[in-house]
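**Student:** Coordinates in protein-v4.txt, compact mmCIF, C-alpha atoms, are listed below.
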```txt
# COMPACT_ATOMS: atom_id res chain seq x y z
CA MET A 20 -16.64 -11.81 -36.99
CA ASN A 21 -17.43 -10.93 -33.36
CA ASP A 22 -14.46 -13.01 -32.15
CA VAL A 23 -11.92 -11.34 -34.42
CA PHE A 24 -9.21 -9.30 -32.73
CA VAL A 25 -8.10 -6.18 -34.56
CA PRO A 26 -4.44 -5.30 -33.98
CA ILE A 27 -3.85 -1.62 -33.30
CA LYS A 28 -0.41 -0.15 -33.69
CA ALA A 29 0.91 1.30 -30.43
CA ASP A 30 2.34 4.79 -30.57
CA LYS A 31 6.02 5.45 -29.90
CA GLN A 32 5.46 6.78 -26.37
CA GLU A 33 3.48 3.72 -25.29
CA ILE A 34 6.20 1.41 -26.62
CA GLN A 35 8.82 3.36 -24.68
CA ASP A 36 6.69 3.19 -21.53
CA VAL A 37 6.24 -0.59 -21.83
CA LEU A 38 9.98 -1.06 -22.38
CA PHE A 39 10.73 1.07 -19.32
CA ILE A 40 8.38 -1.00 -17.15
CA GLN A 41 9.76 -4.27 -18.49
CA SER A 42 13.31 -3.08 -17.79
CA ALA A 43 12.45 -3.02 -14.07
CA VAL A 44 11.21 -6.61 -13.98
CA PRO A 45 14.53 -8.54 -13.95
CA LYS A 46 15.99 -6.66 -10.97
CA ILE A 47 12.81 -6.96 -8.90
CA LYS A 48 12.66 -10.68 -9.70
CA LEU A 49 16.31 -10.98 -8.68
CA PHE A 50 15.57 -9.26 -5.37
CA LEU A 51 12.67 -11.65 -4.74
CA HIS A 52 14.84 -14.63 -5.71
CA TYR A 53 17.50 -13.61 -3.17
CA ILE A 54 14.80 -13.20 -0.53
CA ARG A 55 13.13 -16.55 -1.23
CA LYS A 56 16.46 -18.38 -1.26
CA GLN A 57 17.67 -16.31 1.74
CA LYS A 58 20.92 -15.34 0.03
CA THR A 59 21.94 -12.90 2.74
CA GLU A 60 25.47 -12.54 1.36
CA LEU A 61 24.06 -11.03 -1.85
CA LEU A 62 21.59 -8.71 -0.13
CA ASN A 63 24.19 -6.06 0.58
CA LEU A 64 23.80 -2.29 0.86
CA PRO A 65 24.69 -1.48 -2.78
CA PHE A 66 22.07 -3.99 -3.97
CA PHE A 67 19.41 -2.52 -1.66
CA ILE A 68 20.28 1.00 -2.88
CA GLY A 69 19.81 -0.21 -6.46
CA ILE A 70 16.31 -1.49 -5.61
CA GLU A 71 15.48 1.83 -3.94
CA GLU A 72 16.61 3.74 -7.03
CA LEU A 73 14.53 1.47 -9.25
CA LEU A 74 11.38 2.06 -7.16
CA LYS A 75 12.12 5.78 -7.07
CA GLY A 76 12.34 5.76 -10.88
CA LEU A 77 8.99 3.97 -11.14
CA ILE A 78 7.32 6.51 -8.85
CA PHE A 79 8.66 9.39 -10.94
CA PHE A 80 7.64 7.52 -14.10
CA VAL A 81 4.00 7.19 -12.99
CA LEU A 82 3.88 10.84 -11.90
CA GLU A 83 5.90 12.14 -14.89
CA ILE A 84 8.33 13.91 -12.56
CA LYS A 85 11.52 15.19 -14.17
CA ASN A 86 13.20 16.64 -11.05
CA LEU A 87 15.29 13.73 -9.76
CA TYR A 88 15.95 15.57 -6.48
CA THR A 89 12.30 15.24 -5.43
CA ASP A 90 11.85 13.16 -2.26
CA PRO A 91 10.25 9.89 -3.46
CA PHE A 92 9.01 9.07 0.05
CA GLU A 93 6.86 12.21 0.23
CA VAL A 94 6.15 13.16 -3.38
CA GLU A 95 2.56 13.87 -4.37
CA GLY A 96 0.98 14.39 -7.75
CA VAL A 97 -1.47 13.07 -10.31
CA GLY A 98 -0.50 9.85 -12.04
CA ASN A 99 -0.36 9.47 -15.81
CA GLN A 100 -3.44 7.33 -16.56
CA GLN A 101 -1.84 5.46 -19.45
CA ARG A 102 1.18 4.57 -17.32
CA GLN A 103 -1.05 3.55 -14.40
CA LYS A 104 -2.85 1.17 -16.78
CA LEU A 105 0.42 -0.26 -18.08
CA MET A 106 1.68 -0.88 -14.55
CA ARG A 107 -1.35 -3.13 -14.04
CA GLU A 108 -1.36 -4.78 -17.47
CA CYS A 109 2.38 -5.53 -17.34
CA ARG A 110 1.80 -7.11 -13.91
CA LEU A 111 4.42 -4.89 -12.27
CA ILE A 112 1.89 -4.08 -9.53
CA ASP A 113 1.79 -7.79 -8.65
CA LEU A 114 5.57 -7.95 -8.60
CA VAL A 115 6.13 -5.01 -6.26
CA ILE A 116 3.45 -6.32 -3.89
CA ASP A 117 5.49 -9.53 -3.68
CA CYS A 118 8.22 -7.28 -2.24
CA LEU A 119 5.87 -6.57 0.68
CA VAL A 120 5.13 -10.26 1.21
CA TYR A 121 8.23 -12.42 0.86
CA PRO A 122 10.70 -10.64 3.20
CA PHE A 123 8.35 -11.58 6.05
CA GLU A 124 6.70 -14.75 4.74
CA THR A 125 10.12 -16.37 4.47
CA LYS A 126 10.84 -15.17 8.04
CA MET A 127 14.05 -13.63 6.74
CA TYR A 128 13.02 -10.37 8.38
CA ASN A 129 10.85 -9.62 11.39
CA ILE A 130 8.78 -6.44 11.18
CA ASP A 131 9.15 -5.87 14.93
CA GLU A 132 12.93 -5.72 14.57
CA LEU A 133 13.01 -3.22 11.68
CA THR A 134 13.85 0.46 12.05
CA MET A 135 13.08 3.39 9.79
CA LYS A 136 16.65 3.27 8.41
CA HIS A 137 16.58 -0.45 7.60
CA PRO A 138 16.72 -1.12 3.82
CA ILE A 139 13.64 -3.37 3.94
CA THR A 140 11.63 -0.63 5.68
CA ARG A 141 12.71 1.87 3.03
CA ILE A 142 11.84 -0.53 0.21
CA CYS A 143 8.40 -1.24 1.69
CA ARG A 144 7.75 2.49 2.09
CA LEU A 145 8.63 3.09 -1.57
CA VAL A 146 6.41 0.20 -2.69
CA TYR A 147 3.46 1.64 -0.76
CA ARG A 148 4.13 5.09 -2.20
CA LEU A 149 4.26 3.62 -5.72
CA LEU A 150 0.98 1.76 -5.16
CA LYS A 151 -0.64 4.93 -3.83
CA HIS A 152 0.17 6.75 -7.07
CA CYS A 153 -0.82 3.77 -9.23
CA VAL A 154 -4.36 3.77 -7.80
CA LYS A 155 -4.99 7.50 -7.40
CA ASP A 156 -7.98 8.56 -9.53
CA CYS A 157 -7.85 5.19 -11.32
CA SER A 158 -10.87 3.01 -10.52
CA LEU A 159 -9.63 -0.05 -12.43
CA ASN A 160 -6.35 -0.07 -10.52
CA LYS A 161 -8.18 0.52 -7.22
CA ASN A 162 -10.36 -2.51 -7.79
CA TYR A 163 -7.36 -4.56 -8.85
CA VAL A 164 -5.11 -3.60 -5.92
CA ALA A 165 -7.99 -3.99 -3.43
CA GLN A 166 -7.48 -7.77 -3.51
CA TRP A 167 -4.45 -7.21 -1.25
CA ILE A 168 -6.11 -4.81 1.18
CA ASP A 169 -6.00 -7.34 4.03
CA LEU A 170 -2.20 -7.43 3.67
CA PHE A 171 -2.07 -3.62 3.75
CA PHE A 172 -4.21 -3.45 6.89
CA ARG A 173 -2.14 -6.16 8.56
CA GLN A 174 1.13 -4.35 7.90
CA ALA A 175 -0.35 -1.00 8.91
CA MET A 176 -1.34 -2.57 12.23
CA MET A 177 1.99 -4.35 12.77
CA THR A 178 4.23 -1.33 12.22
CA THR A 179 4.91 1.49 14.66
CA GLU A 180 6.48 4.93 14.42
CA GLU A 181 9.83 3.13 14.64
CA ASN A 182 9.29 1.24 11.36
CA ASN A 183 6.24 2.79 9.68
CA PHE A 184 5.71 1.57 6.09
CA THR A 185 3.00 4.28 5.63
CA ALA A 186 0.62 1.55 4.44
CA GLU A 187 -2.29 3.57 5.81
CA LYS A 188 -1.77 6.27 3.16
CA THR A 189 -2.17 3.70 0.40
CA ILE A 190 -5.23 2.27 2.17
CA ALA A 191 -6.74 5.76 2.41
CA GLU A 192 -6.21 6.28 -1.34
CA LEU A 193 -7.86 2.93 -2.08
CA LEU A 194 -10.91 3.87 -0.01
CA VAL A 195 -11.50 7.26 -1.66
CA GLU A 196 -14.77 7.11 -3.66
CA ASN A 197 -14.77 3.31 -3.36
CA TYR A 198 -18.15 2.47 -1.85
CA ASP A 199 -18.11 -1.14 -3.01
CA LEU A 200 -14.79 -1.83 -1.30
CA LEU A 201 -15.91 -0.19 1.94
CA GLU A 202 -19.24 -1.97 1.95
CA ASN A 203 -18.17 -5.46 0.90
CA GLN A 204 -14.48 -6.05 1.57
CA ILE A 205 -13.92 -4.67 5.08
CA GLU A 206 -14.44 -7.48 7.57
CA SER A 207 -15.47 -6.97 11.19
CA THR A 208 -12.24 -8.68 12.31
CA THR A 209 -10.26 -5.90 10.62
CA ILE A 210 -12.16 -3.30 12.64
CA VAL A 211 -11.70 -5.24 15.88
CA ASN A 212 -7.97 -5.50 15.19
CA LEU A 213 -7.74 -1.75 14.52
CA VAL A 214 -9.50 -0.94 17.79
CA ASN A 215 -7.23 -3.38 19.64
CA LEU A 216 -4.27 -1.62 18.06
CA CYS A 217 -5.48 1.68 19.51
CA LEU A 218 -5.52 -0.02 22.90
CA GLU A 219 -2.16 -1.76 22.67
CA GLN A 220 0.09 0.74 20.90
CA PRO A 221 0.92 4.34 21.78
CA LYS A 222 -1.96 6.53 20.67
CA HIS A 223 -1.50 7.88 17.15
CA GLU A 224 -3.87 9.66 14.80
CA ARG A 225 -3.06 7.33 11.87
CA PHE A 226 -5.07 4.51 13.47
CA LEU A 227 -8.04 6.78 14.15
CA ASN A 228 -7.84 8.09 10.60
CA LEU A 229 -8.08 4.51 9.32
CA LEU A 230 -11.18 3.88 11.43
CA SER A 231 -12.69 7.18 10.36
CA GLY A 232 -12.09 6.37 6.69
CA LEU A 233 -14.15 3.18 7.05
CA CYS A 234 -17.28 5.04 8.20
CA SER A 235 -18.39 6.84 5.06
CA CYS A 236 -17.84 7.34 1.35
CA GLU A 237 -18.61 10.64 -0.35
CA ALA A 238 -20.85 11.59 2.62
CA ASP A 239 -22.77 8.29 2.38
CA ALA A 240 -22.68 6.22 5.55
CA ILE A 241 -21.18 2.72 5.51
CA THR A 242 -23.57 1.52 8.20
CA SER A 243 -22.12 -1.98 8.59
CA ASN A 244 -18.68 -0.54 9.43
CA GLN A 245 -20.18 2.15 11.66
CA ASP A 246 -22.08 -0.52 13.60
CA ASP A 247 -18.98 -2.68 14.02
CA ILE A 248 -16.89 0.27 15.22
CA CYS A 249 -19.51 1.43 17.73
CA GLU A 250 -20.05 -2.10 19.00
CA THR A 251 -16.34 -2.71 19.48
CA MET A 252 -15.59 0.65 21.10
CA LEU A 253 -18.73 1.35 23.11
CA GLU A 254 -20.38 -1.92 24.09
CA ASN A 255 -17.22 -3.22 25.71
CA ASN A 256 -16.92 -1.29 28.98
CA GLN A 257 -13.21 -2.01 29.33
CA ASN A 258 -12.51 -0.66 25.84
CA LYS A 259 -14.69 2.38 26.52
CA GLN A 260 -12.82 3.21 29.71
CA ARG A 261 -9.43 2.93 28.01
CA LEU A 262 -10.28 4.74 24.78
CA PHE A 263 -12.32 7.71 25.96
CA PHE A 264 -11.70 10.61 28.29
CA PHE A 265 -14.79 11.40 30.30
CA ILE A 266 -15.27 15.07 31.17
CA THR A 267 -17.52 16.20 33.96
CA THR A 268 -18.74 19.77 34.33
```
The structure given in the file should be rewritten as structure tokens.
**Tutor:**
Amino acid sequence: MNDVFVPIKADKQEIQDVLFIQSAVPKIKLFLHYIRKQKTELLNLPFFIGIEELLKGLIFFVLEIKNLYTDPFEVEGVGNQQRQKLMRECRLIDLVIDCLVYPFETKMYNIDELTMKHPITRICRLVYRLLKHCVKDCSLNKNYVAQWIDLFFRQAMMTTEENNFTAEKTIAELLVENYDLLENQIESTTIVNLVNLCLEQPKHERFLNLLSGLCSCEADAITSNQDDICETMLENNQNKQRLFFFITT
């Protein structure tokens, strides 16, 4: 009898939530199909606006926001835990992450050529905002989404203030109270790349905030990351000269 599954009737609200999530799947798959097949003639402004509205609706759905005039790019709140779980179990999280991958993997778009007003930039920003709310205060979703953290770091490092996807905000949410992720999934190459980014791009606090977030968790030191950061920044004299201002008194 240990292998017997017991069916449990879902309540009306859960059924409605699943149907809402599933209603978003066809349009996202259509968007990805157009991207993969590079059907530029079909990727017009009205279609992009429809994808933006769909992602906006999903953000408000996870946060249970009724005011449709709320700015989806900046909205904060506490996600509905049941809806966060359904976003993972219905594999919609996987699908929206594909929206971060295929526009660039197919070489249809070049991140360096995007601007803040470009539809792909806006879609990527909404995807990262949706992911941020899907993982907030939800350890299962954090551990699930963490498998793509290298992608998030890579895009955070490739974008500038001219085309910022705000990936670093999603990364920061993933790292909160996530000692295992900080200890075991952050590679030294990621830290080296972040430091190099501080050297190559105009100085901005978002890169330093990313480095700072790798150093500790709930006041406990992540010594491996601290060592890598200090080694990269301090043991290389050229890096030290370019990164630090020396004050004499």
**Student:** Rounded to one decimal, what separation in Å do you get between CA of Ser158 in chain A and CA of Asn228 in chain A?
**Tutor:** 21.9 Å
**Student:** Counting all atoms listed in the file, which residue out of A:Glu196, A:Glu180, A:Glu206, A:Glu33 sits closest to Lys136 in chain A?
**Tutor:**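 Smallest distance to Lys136 in chain A is found for A:Glu180.
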**Student:** Figure out the distance between CA of Ile116 in chain A and CA of Val214 in chain A, please, to one decimal in Å.
**Tutor:**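 Those two atoms sit 25.8 Å apart.
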**Student:** Select, from A:Glu72, A:Glu202, A:Glu132, A:Glu254, the residue with the minimum atom-to-atom distance to Cys234 in chain A, counting only C-alpha atoms.
**Tutor:** A:Glu202
**Student:** Tell me which of A:Leu149, A:Val115, A:Cys143, A:Leu51 sits closest to Pro91 in chain A, counting all atoms listed in the file.
**Tutor:** A:Leu149
**Student:** What is the CA of Met176 in chain A to CA of Lys56 in chain A distance in Å?
**Tutor:**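 Between CA of Met176 in chain A and CA of Lys56 in chain A the gap works out to 27.4 Å.
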**Student:** Smallest atom-to-atom distance to Leu262 in chain A: which of A:Ala238, A:Leu218, A:Arg225, A:Lys126, using all atoms listed in the file?
**Tutor:**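 Between A:Ala238, A:Leu218, A:Arg225, A:Lys126, the residue approaching Leu262 in chain A most closely is A:Leu218.
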**Student:** When you count only C-alpha atoms, which of these residues is closest to Met135 in chain A: A:Phe263, A:Phe39, A:Phe92, A:Tyr198?
**Tutor:**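 Closest residue, counting only C-alpha atoms: A:Phe92.
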**Student:** For Asp131 in chain A, which residue among A:Glu181, A:Glu60, A:Glu95, A:Glu237 is the nearest when counting only C-alpha atoms?
**Tutor:**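 Going through A:Glu181, A:Glu60, A:Glu95, A:Glu237 one by one, the smallest distance to Asp131 in chain A is for A:Glu181.
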**Student:** Hey, what's within 12 Å of Leu61 in chain A if we count only C-alpha atoms and toss same-chain stuff fewer than 6 positions away? As a VMD selection string, please?
**Tutor:** chain A and resid 49 to 54 67
**Student:** Can you tell me, as a list of chain:residue names, which residues sit within 8 Å of (-2.7, 13.7, -9.3) in the file's frame, using only C-alpha atoms?
**Tutor:** A:Leu82, A:Glu95, A:Gly96, A:Val97, A:Gly98, A:His152, A:Lys155, A:Asp156
**Student:** Next, dump the selected residues to file, keeping only C-alpha atoms, as a short mmCIF file (atom, residue, chain, number, x, y, z; two decimals), keeping the file's coordinate frame.
**Tutor:**
```cif
data_model
loop_
_atom_site.label_atom_id
_atom_site.label_comp_id
_atom_site.auth_asym_id
_atom_site.auth_seq_id
_atom_site.Cartn_x
_atom_site.Cartn_y
_atom_site.Cartn_z
CA LEU A 82 3.88 10.84 -11.90
CA GLU A 95 2.56 13.87 -4.37
CA GLY A 96 0.98 14.39 -7.75
CA VAL A 97 -1.47 13.07 -10.31
CA GLY A 98 -0.50 9.85 -12.04
CA HIS A 152 0.17 6.75 -7.07
CA LYS A 155 -4.99 7.50 -7.40
CA ASP A 156 -7.98 8.56 -9.53
#
```
**Student:** Could you name the residues that touch Lys161 in chain A at 9 Å or less, counting only C-alpha atoms, but leaving out those on the same chain fewer than 6 positions away, as an MDAnalysis selection string?
**Tutor:** chainID A and resid 153:155 192:194 197
**Student:** Output C-alpha atoms for every residue in that selection, as a compact mmCIF listing (two decimals), in the coordinates of the input.
**Tutor:**
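Output (part-v8.txt):
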```
# COMPACT_ATOMS: atom_id res chain seq x y z
CA CYS A 153 -0.82 3.77 -9.23
CA VAL A 154 -4.36 3.77 -7.80
CA LYS A 155 -4.99 7.50 -7.40
CA GLU A 192 -6.21 6.28 -1.34
CA LEU A 193 -7.86 2.93 -2.08
CA LEU A 194 -10.91 3.87 -0.01
CA ASN A 197 -14.77 3.31 -3.36
```
**Student:** Applying 12 Å and only C-alpha atoms, which residues near Glu108 in chain A remain after dropping the ones on its own chain fewer than 5 positions away? List them as a ChimeraX atom specification.
**Tutor:** /A:37,40-41,101-103,113-114,153,159-160,163
**Student:** Contacts of Leu227 in chain A at 9 Å or less, counting all atoms listed in the file, minus same-chain residues fewer than 5 places along, as number ranges by chain?
**Tutor:** A: 213-214, 217, 222, 232
**Student:** Excluding Thr178 in chain A and residues on its chain fewer than 2 positions from it, collect all residues at most 12 Å away from it, counting all atoms listed in the file, and give them as an mmCIF file with C-alpha atoms, in the frame of the given file.
**Tutor:**
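In the end it all went to around_2.cif:
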```cif
data_model
loop_
_atom_site.group_PDB
_atom_site.id
_atom_site.type_symbol
_atom_site.label_atom_id
_atom_site.label_comp_id
_atom_site.auth_asym_id
_atom_site.auth_seq_id
_atom_site.Cartn_x
_atom_site.Cartn_y
_atom_site.Cartn_z
ATOM 1 C CA ASN A 129 10.850 -9.620 11.390
ATOM 2 C CA ILE A 130 8.780 -6.440 11.180
ATOM 3 C CA ASP A 131 9.150 -5.870 14.930
ATOM 4 C CA GLU A 132 12.930 -5.720 14.570
ATOM 5 C CA LEU A 133 13.010 -3.220 11.680
ATOM 6 C CA THR A 134 13.850 0.460 12.050
ATOM 7 C CA MET A 135 13.080 3.390 9.790
ATOM 8 C CA THR A 140 11.630 -0.630 5.680
ATOM 9 C CA CYS A 143 8.400 -1.240 1.690
ATOM 10 C CA ARG A 144 7.750 2.490 2.090
ATOM 11 C CA PHE A 171 -2.070 -3.620 3.750
ATOM 12 C CA PHE A 172 -4.210 -3.450 6.890
ATOM 13 C CA ARG A 173 -2.140 -6.160 8.560
ATOM 14 C CA GLN A 174 1.130 -4.350 7.900
ATOM 15 C CA ALA A 175 -0.350 -1.000 8.910
ATOM 16 C CA MET A 176 -1.340 -2.570 12.230
ATOM 17 C CA GLU A 180 6.480 4.930 14.420
ATOM 18 C CA GLU A 181 9.830 3.130 14.640
ATOM 19 C CA ASN A 182 9.290 1.240 11.360
ATOM 20 C CA ASN A 183 6.240 2.790 9.680
ATOM 21 C CA PHE A 184 5.710 1.570 6.090
ATOM 22 C CA THR A 185 3.000 4.280 5.630
ATOM 23 C CA ALA A 186 0.620 1.550 4.440
ATOM 24 C CA GLU A 187 -2.290 3.570 5.810
ATOM 25 C CA LEU A 216 -4.270 -1.620 18.060
ATOM 26 C CA GLN A 220 0.090 0.740 20.900
ATOM 27 C CA PRO A 221 0.920 4.340 21.780
ATOM 28 C CA HIS A 223 -1.500 7.880 17.150
ATOM 29 C CA ARG A 225 -3.060 7.330 11.870
ATOM 30 C CA PHE A 226 -5.070 4.510 13.470
#
```
